[in-house]
file data08.txt (compact mmCIF, C-alpha atoms)
# COMPACT_ATOMS: atom_id res chain seq x y z
CA MET O 1 0.00 0.00 0.00
CA THR O 2 1.41 3.37 -1.10
CA THR O 3 1.48 6.20 1.45
CA PHE O 4 2.53 9.81 0.95
CA THR O 5 4.73 11.65 3.43
CA ARG O 6 5.50 15.36 3.45
CA LEU O 7 9.02 14.49 2.27
CA ASP O 8 7.66 12.83 -0.89
CA ARG O 9 8.76 15.08 -3.79
CA SER O 10 6.99 13.14 -6.55
CA VAL O 11 4.31 14.90 -8.62
CA VAL O 12 1.52 12.97 -6.96
CA GLY O 13 3.09 13.34 -3.52
CA ARG O 14 3.31 17.12 -3.84
CA TRP O 15 -0.23 17.17 -5.19
CA TRP O 16 -1.56 15.21 -2.22
CA TRP O 17 -0.09 17.61 0.35
CA THR O 18 -1.10 20.80 -1.46
CA VAL O 19 -4.57 20.01 -2.89
CA ASP O 20 -7.69 20.84 -0.89
CA ARG O 21 -8.59 17.33 0.26
CA TRP O 22 -11.87 18.46 1.88
CA THR O 23 -13.14 19.80 -1.44
CA LEU O 24 -11.88 16.63 -3.10
CA LEU O 25 -13.93 14.58 -0.62
CA ALA O 26 -17.07 16.69 -1.20
CA VAL O 27 -16.73 16.32 -4.99
CA GLY O 28 -16.22 12.58 -4.58
CA LEU O 29 -19.44 12.37 -2.56
CA LEU O 30 -21.32 14.35 -5.24
CA LEU O 31 -20.04 12.00 -7.96
CA ALA O 32 -21.06 8.95 -5.92
CA MET O 33 -24.50 10.39 -5.20
CA GLY O 34 -24.89 11.32 -8.85
CA GLY O 35 -24.22 7.74 -9.92
CA MET O 36 -26.79 6.52 -7.41
CA MET O 37 -29.37 9.10 -8.56
CA VAL O 38 -28.96 8.25 -12.24
CA LEU O 39 -29.32 4.57 -11.34
CA ALA O 40 -32.58 5.41 -9.57
CA ALA O 41 -34.05 7.86 -12.09
CA SER O 42 -32.98 6.81 -15.59
CA PRO O 43 -34.27 3.22 -16.12
CA ALA O 44 -37.90 4.37 -16.19
CA VAL O 45 -37.04 7.12 -18.69
CA ALA O 46 -35.10 4.68 -20.90
CA GLU O 47 -37.94 2.16 -20.94
CA ARG O 48 -40.47 4.87 -21.78
CA ILE O 49 -38.57 5.85 -24.94
CA GLY O 50 -37.87 2.28 -26.01
CA LEU O 51 -34.25 1.89 -24.88
CA ASP O 52 -32.55 -0.72 -22.73
CA SER O 53 -33.40 -0.11 -19.07
CA PHE O 54 -29.79 0.63 -18.15
CA HIS O 55 -28.90 2.59 -21.29
CA PHE O 56 -28.32 5.88 -19.45
CA VAL O 57 -26.77 4.14 -16.46
CA LYS O 58 -24.14 2.44 -18.63
CA ARG O 59 -23.28 5.68 -20.38
CA GLN O 60 -23.06 7.61 -17.12
CA PHE O 61 -20.78 5.04 -15.52
CA PHE O 62 -18.63 5.08 -18.65
CA TYR O 63 -18.13 8.85 -18.28
CA LEU O 64 -17.61 8.69 -14.51
CA PRO O 65 -13.99 7.39 -14.51
CA VAL O 66 -13.18 9.73 -17.40
CA ALA O 67 -14.43 12.66 -15.32
CA ILE O 68 -12.37 11.52 -12.32
CA GLY O 69 -9.31 11.29 -14.58
CA ILE O 70 -9.92 14.83 -15.88
CA ILE O 71 -10.27 16.24 -12.36
CA PHE O 72 -7.08 14.54 -11.19
CA SER O 73 -4.93 15.35 -14.22
CA ILE O 74 -5.89 19.04 -14.41
CA SER O 75 -5.57 19.53 -10.65
CA LEU O 76 -1.90 18.49 -11.00
CA MET O 77 -1.20 21.54 -13.16
CA SER O 78 0.21 24.91 -12.17
CA PRO O 79 -1.93 28.04 -12.69
CA LEU O 80 0.21 28.87 -15.74
CA TRP O 81 -0.58 25.56 -17.45
CA VAL O 82 -4.23 25.73 -16.43
CA ARG O 83 -4.43 29.14 -18.07
CA ARG O 84 -2.81 27.82 -21.25
CA LEU O 85 -5.20 24.87 -21.31
CA ALA O 86 -8.20 27.16 -20.80
CA VAL O 87 -7.12 29.38 -23.71
CA ILE O 88 -6.84 26.36 -26.02
CA VAL O 89 -10.17 24.89 -24.90
CA PHE O 90 -11.83 28.30 -25.28
CA GLY O 91 -10.57 28.71 -28.84
CA VAL O 92 -11.61 25.21 -29.85
CA CYS O 93 -15.04 25.59 -28.26
CA VAL O 94 -15.67 28.88 -30.06
CA LEU O 95 -15.01 27.11 -33.37
CA LEU O 96 -17.18 24.14 -32.37
CA THR O 97 -19.99 26.47 -31.28
CA VAL O 98 -19.88 28.12 -34.71
CA ALA O 99 -20.00 24.62 -36.21
CA THR O 100 -23.16 23.80 -34.25
CA LEU O 101 -24.86 26.79 -35.87
CA LEU O 102 -23.81 25.61 -39.34
CA VAL O 103 -24.16 21.82 -39.22
CA GLY O 104 -25.65 20.97 -35.81
CA PRO O 105 -29.09 19.32 -35.66
CA GLU O 106 -31.98 21.46 -34.48
CA VAL O 107 -33.58 20.10 -31.31
CA LYS O 108 -36.58 21.87 -29.79
CA GLY O 109 -35.85 24.97 -31.83
CA ALA O 110 -32.18 25.27 -30.83
CA LYS O 111 -28.82 24.26 -32.32
CA ARG O 112 -26.53 23.40 -29.41
CA TRP O 113 -25.12 19.93 -30.12
CA LEU O 114 -22.67 18.12 -32.39
CA HIS O 115 -22.80 14.36 -32.95
CA PHE O 116 -19.61 12.30 -32.96
CA GLY O 117 -20.84 8.76 -33.39
CA SER O 118 -22.77 7.83 -30.25
CA PHE O 119 -21.36 10.79 -28.33
CA THR O 120 -23.27 14.07 -28.36
CA LEU O 121 -21.17 17.12 -27.53
CA GLN O 122 -22.46 20.48 -26.34
CA PRO O 123 -19.44 22.78 -26.86
CA THR O 124 -20.88 25.63 -24.79
CA GLU O 125 -20.66 23.48 -21.65
CA PHE O 126 -16.86 23.67 -21.98
CA LEU O 127 -17.01 27.27 -23.21
CA LYS O 128 -18.40 28.40 -19.83
CA PRO O 129 -15.48 27.46 -17.55
CA SER O 130 -12.77 28.19 -20.11
CA PHE O 131 -14.15 31.67 -20.75
CA ALA O 132 -14.19 32.39 -17.01
CA VAL O 133 -10.44 31.66 -16.85
CA VAL O 134 -9.64 33.62 -20.03
CA ALA O 135 -11.64 36.63 -18.80
CA ALA O 136 -9.84 36.48 -15.44
CA TRP O 137 -6.50 36.48 -17.27
CA MET O 138 -7.46 39.59 -19.24
CA PHE O 139 -8.66 41.44 -16.13
CA ALA O 140 -5.43 40.52 -14.33
CA GLN O 141 -3.33 41.71 -17.28
CA GLN O 142 -5.12 45.08 -17.22
CA ARG O 143 -4.27 45.48 -13.55
CA LYS O 144 -0.66 44.44 -14.16
CA SER O 145 -0.03 46.85 -17.03
CA ASP O 146 -2.10 49.51 -18.81
CA GLU O 147 -0.24 48.67 -22.01
CA ILE O 148 -2.48 45.62 -22.40
CA PRO O 149 -6.18 46.63 -22.74
CA GLY O 150 -7.33 43.57 -20.84
CA ASN O 151 -10.73 45.00 -19.91
CA LEU O 152 -11.54 45.86 -23.52
CA ILE O 153 -10.35 42.48 -24.78
CA SER O 154 -12.47 40.75 -22.14
CA MET O 155 -15.51 42.82 -23.14
CA GLY O 156 -14.94 41.96 -26.80
CA LEU O 157 -14.72 38.23 -26.01
CA PHE O 158 -17.83 38.51 -23.84
CA VAL O 159 -19.83 40.12 -26.64
CA MET O 160 -18.67 37.39 -29.04
CA VAL O 161 -19.64 34.58 -26.65
CA VAL O 162 -23.04 36.12 -25.91
CA GLY O 163 -23.68 36.54 -29.63
CA LEU O 164 -22.92 32.87 -30.27
CA LEU O 165 -25.16 31.76 -27.41
CA LEU O 166 -28.09 33.91 -28.49
CA ALA O 167 -27.74 32.64 -32.06
CA GLN O 168 -28.42 29.06 -30.87
CA PRO O 169 -30.48 30.38 -28.89
CA ASP O 170 -29.55 29.64 -25.27
CA VAL O 171 -30.77 32.51 -23.11
CA GLY O 172 -30.29 30.67 -19.81
CA MET O 173 -26.61 29.96 -20.42
CA THR O 174 -26.19 33.55 -21.61
CA LEU O 175 -27.49 34.76 -18.24
CA VAL O 176 -25.10 32.46 -16.34
CA ILE O 177 -22.03 33.51 -18.34
CA SER O 178 -23.07 37.16 -18.03
CA ALA O 179 -23.44 36.88 -14.25
CA VAL O 180 -20.04 35.18 -13.90
CA TRP O 181 -18.30 37.72 -16.15
CA PHE O 182 -19.89 40.66 -14.32
CA ALA O 183 -18.87 39.21 -10.93
CA GLN O 184 -15.27 38.89 -12.12
CA PHE O 185 -15.26 42.40 -13.57
CA PHE O 186 -16.66 43.72 -10.28
CA LEU O 187 -13.91 41.98 -8.31
CA ALA O 188 -11.34 43.36 -10.74
CA GLY O 189 -12.29 46.88 -9.71
CA LEU O 190 -15.14 47.87 -12.00
CA PRO O 191 -15.88 51.62 -11.52
CA ILE O 192 -19.25 52.28 -9.90
CA ILE O 193 -20.52 54.15 -12.96
CA TRP O 194 -19.86 51.05 -15.03
CA VAL O 195 -21.69 48.93 -12.45
CA VAL O 196 -24.78 51.08 -12.88
CA MET O 197 -24.39 51.01 -16.67
CA PHE O 198 -24.06 47.22 -16.83
CA LEU O 199 -27.01 46.73 -14.50
CA GLY O 200 -29.07 48.94 -16.81
CA ILE O 201 -27.91 46.97 -19.83
CA GLY O 202 -28.82 43.76 -18.02
CA ILE O 203 -32.36 44.95 -17.31
CA VAL O 204 -32.84 46.12 -20.91
CA SER O 205 -31.40 42.83 -22.24
CA ALA O 206 -33.78 40.80 -20.05
CA ALA O 207 -36.73 42.79 -21.39
CA MET O 208 -35.51 42.27 -24.97
CA ALA O 209 -35.11 38.53 -24.39
CA TYR O 210 -38.70 38.39 -23.15
CA THR O 211 -39.85 40.28 -26.26
CA LEU O 212 -37.70 38.57 -28.91
CA PHE O 213 -37.73 34.93 -27.77
CA PRO O 214 -41.22 33.37 -27.52
CA HIS O 215 -39.99 30.41 -25.44
CA VAL O 216 -38.54 32.81 -22.86
CA ALA O 217 -41.79 34.77 -22.66
CA SER O 218 -43.74 31.52 -22.32
CA ARG O 219 -41.59 30.28 -19.43
CA VAL O 220 -41.73 33.60 -17.61
CA ASP O 221 -45.51 33.87 -18.10
CA ARG O 222 -46.07 30.32 -16.80
CA PHE O 223 -43.88 31.07 -13.79
CA MET O 224 -45.72 34.30 -12.99
CA ASP O 225 -49.15 32.72 -13.51
CA PRO O 226 -49.01 28.97 -12.69
CA SER O 227 -52.79 28.70 -13.07
CA GLY O 228 -52.46 29.41 -16.79
CA GLY O 229 -51.40 25.82 -17.52
CA GLY O 230 -48.35 24.44 -19.28
CA ASN O 231 -46.51 23.65 -16.04
CA TYR O 232 -46.77 19.86 -16.23
CA GLN O 233 -43.17 19.07 -15.23
CA ILE O 234 -43.08 21.65 -12.43
CA GLU O 235 -46.40 20.43 -11.02
CA ARG O 236 -45.20 16.81 -11.04
CA ALA O 237 -41.92 17.88 -9.40
CA MET O 238 -43.75 19.67 -6.59
CA GLU O 239 -45.96 16.62 -6.06
CA ALA O 240 -42.81 14.50 -5.82
CA PHE O 241 -41.43 16.60 -2.96
CA GLN O 242 -44.76 16.42 -1.16
CA THR O 243 -44.92 12.64 -1.60
CA GLY O 244 -41.35 12.12 -0.43
CA GLY O 245 -41.70 14.11 2.79
CA PHE O 246 -38.70 14.13 5.11
CA PHE O 247 -37.41 10.60 4.54
CA GLY O 248 -38.65 9.66 1.05
CA VAL O 249 -40.59 6.68 -0.21
CA GLY O 250 -37.45 4.61 -0.69
CA PRO O 251 -34.91 4.05 -3.49
CA GLY O 252 -36.63 2.86 -6.67
CA ASP O 253 -40.15 3.28 -5.27
CA GLY O 254 -40.84 6.76 -6.63
CA SER O 255 -43.34 7.37 -9.42
CA VAL O 256 -42.44 10.83 -10.71
CA LYS O 257 -39.65 9.40 -12.90
CA THR O 258 -42.23 7.42 -14.85
CA VAL O 259 -44.00 10.57 -16.04
CA LEU O 260 -41.30 13.27 -16.18
CA PRO O 261 -39.52 13.38 -19.57
CA ASP O 262 -36.40 14.94 -18.01
CA ALA O 263 -36.41 13.00 -14.74
CA HIS O 264 -32.78 11.91 -15.21
CA THR O 265 -31.46 15.36 -16.21
CA ASP O 266 -33.14 18.70 -15.44
CA PHE O 267 -35.59 17.29 -12.88
CA ILE O 268 -33.45 14.71 -11.11
CA PHE O 269 -33.68 16.80 -7.92
CA ALA O 270 -37.41 16.02 -7.82
CA VAL O 271 -36.62 12.29 -8.03
CA VAL O 272 -34.17 12.73 -5.15
CA GLY O 273 -36.87 14.49 -3.13
CA GLU O 274 -39.45 11.79 -3.71
CA GLU O 275 -37.28 8.71 -3.17
CA PHE O 276 -34.79 9.96 -0.57
CA GLY O 277 -36.69 12.80 1.09
CA VAL O 278 -36.13 16.42 2.00
CA LEU O 279 -33.35 15.57 4.47
CA PHE O 280 -31.27 13.99 1.70
CA CYS O 281 -31.93 17.03 -0.48
CA LEU O 282 -30.56 19.23 2.30
CA VAL O 283 -27.43 17.08 2.40
CA LEU O 284 -26.96 17.76 -1.32
CA VAL O 285 -27.46 21.49 -0.77
CA ALA O 286 -24.94 21.39 2.06
CA LEU O 287 -22.36 19.68 -0.15
CA PHE O 288 -22.74 22.31 -2.88
CA ALA O 289 -22.54 25.08 -0.29
CA PHE O 290 -19.46 23.49 1.27
CA VAL O 291 -17.59 23.34 -2.05
CA ILE O 292 -18.35 27.01 -2.73
CA LEU O 293 -17.62 28.35 0.76
CA ARG O 294 -14.52 26.19 1.11
CA GLY O 295 -13.24 27.48 -2.22
CA LEU O 296 -13.85 31.09 -1.24
CA SER O 297 -12.11 30.59 2.10
CA ARG O 298 -9.02 29.22 0.32
CA LEU O 299 -8.90 32.37 -1.81
CA LEU O 300 -8.58 34.62 1.26
CA ALA O 301 -4.89 33.70 1.52
CA GLU O 302 -4.23 33.79 -2.24
CA LYS O 303 -1.82 36.48 -3.50
CA ASN O 304 -2.10 35.82 -7.23
CA PHE O 305 -4.78 38.18 -8.58
CA PHE O 306 -5.42 36.06 -11.67
CA VAL O 307 -5.98 32.97 -9.53
CA VAL O 308 -8.43 34.85 -7.30
CA LEU O 309 -10.49 36.08 -10.27
CA ALA O 310 -10.43 32.75 -12.11
CA ALA O 311 -11.35 30.65 -9.07
CA ALA O 312 -14.06 33.11 -8.03
CA GLY O 313 -15.55 32.91 -11.52
CA LEU O 314 -15.52 29.11 -11.51
CA LEU O 315 -17.10 28.99 -8.03
CA THR O 316 -19.79 31.46 -9.11
CA GLN O 317 -20.56 29.36 -12.17
CA PHE O 318 -20.71 26.10 -10.19
CA GLY O 319 -22.98 27.65 -7.56
CA LEU O 320 -25.29 29.34 -10.07
CA GLN O 321 -25.81 26.12 -11.99
CA ALA O 322 -26.77 24.26 -8.81
CA ILE O 323 -29.05 27.09 -7.62
CA ILE O 324 -30.82 27.36 -10.98
CA ASN O 325 -31.48 23.63 -11.25
CA MET O 326 -32.79 23.29 -7.69
CA GLY O 327 -34.70 26.57 -7.96
CA VAL O 328 -36.52 25.38 -11.06
CA ASN O 329 -37.41 22.07 -9.40
CA LEU O 330 -38.81 23.94 -6.40
CA ARG O 331 -40.73 26.46 -8.55
CA LEU O 332 -38.58 29.33 -7.30
CA MET O 333 -37.66 30.49 -10.81
CA PRO O 334 -38.79 29.96 -14.43
CA THR O 335 -37.89 26.66 -16.09
CA LYS O 336 -34.42 26.43 -17.61
CA GLY O 337 -32.78 23.34 -19.02
CA MET O 338 -29.72 23.13 -16.76
CA THR O 339 -28.26 20.04 -15.14
CA LEU O 340 -27.53 19.64 -11.43
CA PRO O 341 -23.70 19.49 -11.16
CA PHE O 342 -22.38 15.91 -10.96
CA ILE O 343 -25.89 14.62 -10.13
CA SER O 344 -27.79 14.80 -13.43
CA TYR O 345 -27.19 12.47 -16.36
CA GLY O 346 -25.18 13.93 -19.23
CA GLY O 347 -21.78 13.26 -20.79
CA SER O 348 -20.96 16.82 -21.89
CA SER O 349 -22.19 18.23 -18.59
CA MET O 350 -20.20 15.81 -16.42
CA LEU O 351 -16.96 16.18 -18.39
CA ALA O 352 -17.27 19.98 -18.51
CA LEU O 353 -17.89 20.10 -14.76
CA ALA O 354 -14.88 17.83 -14.25
CA PHE O 355 -12.85 20.30 -16.32
CA LEU O 356 -14.14 23.14 -14.13
CA MET O 357 -13.45 21.30 -10.87
CA GLY O 358 -9.97 20.22 -11.98
CA MET O 359 -9.07 23.86 -12.68
CA LEU O 360 -10.59 24.98 -9.38
CA LEU O 361 -8.58 22.39 -7.42
CA ALA O 362 -5.43 23.45 -9.27
CA PHE O 363 -6.03 27.10 -8.41
CA SER O 364 -6.79 26.38 -4.76
CA ARG O 365 -3.65 24.31 -4.14
CA ARG O 366 -1.23 25.74 -1.58
CA ARG O 367 1.75 27.36 -3.27
CA VAL O 368 4.75 29.37 -2.10
CA GLY O 369 4.60 33.01 -3.23
CA SER O 370 2.29 34.54 -5.83
CA GLY O 371 3.77 33.13 -9.03
CA ASP O 372 2.08 31.02 -11.69
CA VAL O 373 4.30 27.96 -11.31

call {"tool": "encode", "arguments": {"input": "data08.txt", "output": "structure tokens"}}
result
Amino acid sequence: MTTFTRLDRSVVGRWWWTVDRWTLLAVGLLLAMGGMMVLAASPAVAERIGLDSFHFVKRQFFYLPVAIGIIFSISLMSPLWVRRLAVIVFGVCVLLTVATLLVGPEVKGAKRWLHFGSFTLQPTEFLKPSFAVVAAWMFAQQRKSDEIPGNLISMGLFVMVVGLLLAQPDVGMTLVISAVWFAQFFLAGLPIIWVVMFLGIGIVSAAMAYTLFPHVASRVDRFMDPSGGGNYQIERAMEAFQTGGFFGVGPGDGSVKTVLPDAHTDFIFAVVGEEFGVLFCLVLVALFAFVILRGLSRLLAEKNFFVVLAAAGLLTQFGLQAIINMGVNLRLMPTKGMTLPFISYGGSSMLALAFLMGMLLAFSRRRVGSGDV
């Protein structure tokens, strides 16, 4: 049995003594719970659409070790190499996102996916975390030297990304990326007049999205007036939480997964509530909160400004995605197709979140000084 001591100077040995092992444990628990939830929720969905009962389970457990490998390998990197990787992934994902608009299949009125054999890739899932790191780099460069217009470059990249997302269209992801980018810009020292200006732009943009995109208006209208109908999935989700109570009806004994089309993805939190109960849901919430608060606490001692901005952006993105998914399931916000991190089924989602978490663990490792190495 291999053990690591503080005198171990190997790559893995240094990693073990500098990585945030508490966050690593919390992520491991989320991955394990996610596998259990997909096992509970997906067979009924697979049977309903004519697939093998364990079709989604097999695919999820195929991606699981790949995700673990991504988290581990990226967390070994220095901030410098993480930044380089993020730039490459960002560039590739921009090109792939353009490709989805040109050759991607249209599903439910949107072009967001590319098919590579049996694997379906959603490039924007990887665009989110990579853009957060690239934007942080630009903001940090602006602070380091006025010769590099980092703020303007970041704004230009932001406008490009938003344009690509709205062309698909994906308004929900646009809102998430916008919130993350604004939070990073604010931390980078955004002047108060710009804060007011961006908030105004955000309000106007939200009104325009409601006016220009019928599906957005429909979701907002149904949220504001539930009695108007068209809330089938939300109504079933709320019934699931009521049925589950505090302790749930038991693993595999729930019924909501037999009627919800997205029970294994967007509405898996409702399946958790029905079969495992509210107390288990609170454990999930606590794990998400722990990862975010633990990450922020690690940044308090960080001296590298780029690392602070990049990690803060990744934590904001991770937290927003969890909040949006659970909020939709609990009828606290309009419906938005967004997975619950590491819990919902989805290859692109899981691998992109592994990419995000690997970078976050790399940034939060204890290092000497404020350098990138």

call {"tool": "residues_around", "arguments": {"input": "data08.txt", "residues": "Trp113 of chain O", "least_positions_apart": "6", "cutoff": "7 Å", "atoms": "all atoms listed in the file", "output": "short mmCIF file (atom, residue, chain, number, x, y, z; two decimals) with C-alpha atoms, in the frame of the given file"}}
result
data_model
loop_
_atom_site.label_atom_id
_atom_site.label_comp_id
_atom_site.auth_asym_id
_atom_site.auth_seq_id
_atom_site.Cartn_x
_atom_site.Cartn_y
_atom_site.Cartn_z
CA THR O 100 -23.16 23.80 -34.25
CA GLY O 104 -25.65 20.97 -35.81
CA PRO O 105 -29.09 19.32 -35.66
CA THR O 120 -23.27 14.07 -28.36
CA LEU O 121 -21.17 17.12 -27.53
CA GLN O 122 -22.46 20.48 -26.34
#

call {"tool": "atom_distance", "arguments": {"input": "data08.txt", "atom1": "atom CA of Phe56 of chain O", "atom2": "atom CA of Val38 of chain O"}}
result
7.6 Å

call {"tool": "closest_residue", "arguments": {"input": "data08.txt", "among": "O:Ile268, O:Ala352, O:Val308, O:Ala362", "to": "Leu330 of chain O", "atoms": "all atoms listed in the file"}}
result
O:Ile268

call {"tool": "residues_around", "arguments": {"input": "data08.txt", "residues": "segment 23-25 of chain O", "least_positions_apart": "5", "cutoff": "10 Å", "atoms": "only C-alpha atoms", "output": "NGL selection string"}}
result
:O and (30-31 or 71-72 or 287 or 290-295 or 357-358 or 360-361 or 364)

call {"tool": "residues_around", "arguments": {"input": "data08.txt", "residues": "segment 256-262 of chain O", "least_positions_apart": "5", "cutoff": "6 Å", "atoms": "only C-alpha atoms", "output": "list in words"}}
result
Ala41, Ala44 and Phe267 of chain O

call {"tool": "closest_atom_pairs", "arguments": {"input": "data08.txt", "of": "segment 236-324 of chain O", "to": "segment 180-194 of chain O", "cutoff": "8 Å", "atoms": "all atoms listed in the file", "output": "CSV"}}
result
residue,atom,partner,partner_atom,distance
O:Leu309,CA,O:Gln184,CA,5.8
O:Ala310,CA,O:Gln184,CA,7.8
O:Ala312,CA,O:Gln184,CA,7.2
O:Gly313,CA,O:Val180,CA,5.6
O:Leu314,CA,O:Val180,CA,7.9
O:Thr316,CA,O:Val180,CA,6.1
O:Gln317,CA,O:Val180,CA,6.1

call {"tool": "closest_residue", "arguments": {"input": "data08.txt", "among": "O:Leu64, O:Ile88, O:Leu166, O:Leu199", "to": "Ser348 of chain O", "atoms": "all atoms listed in the file"}}
result
O:Leu64
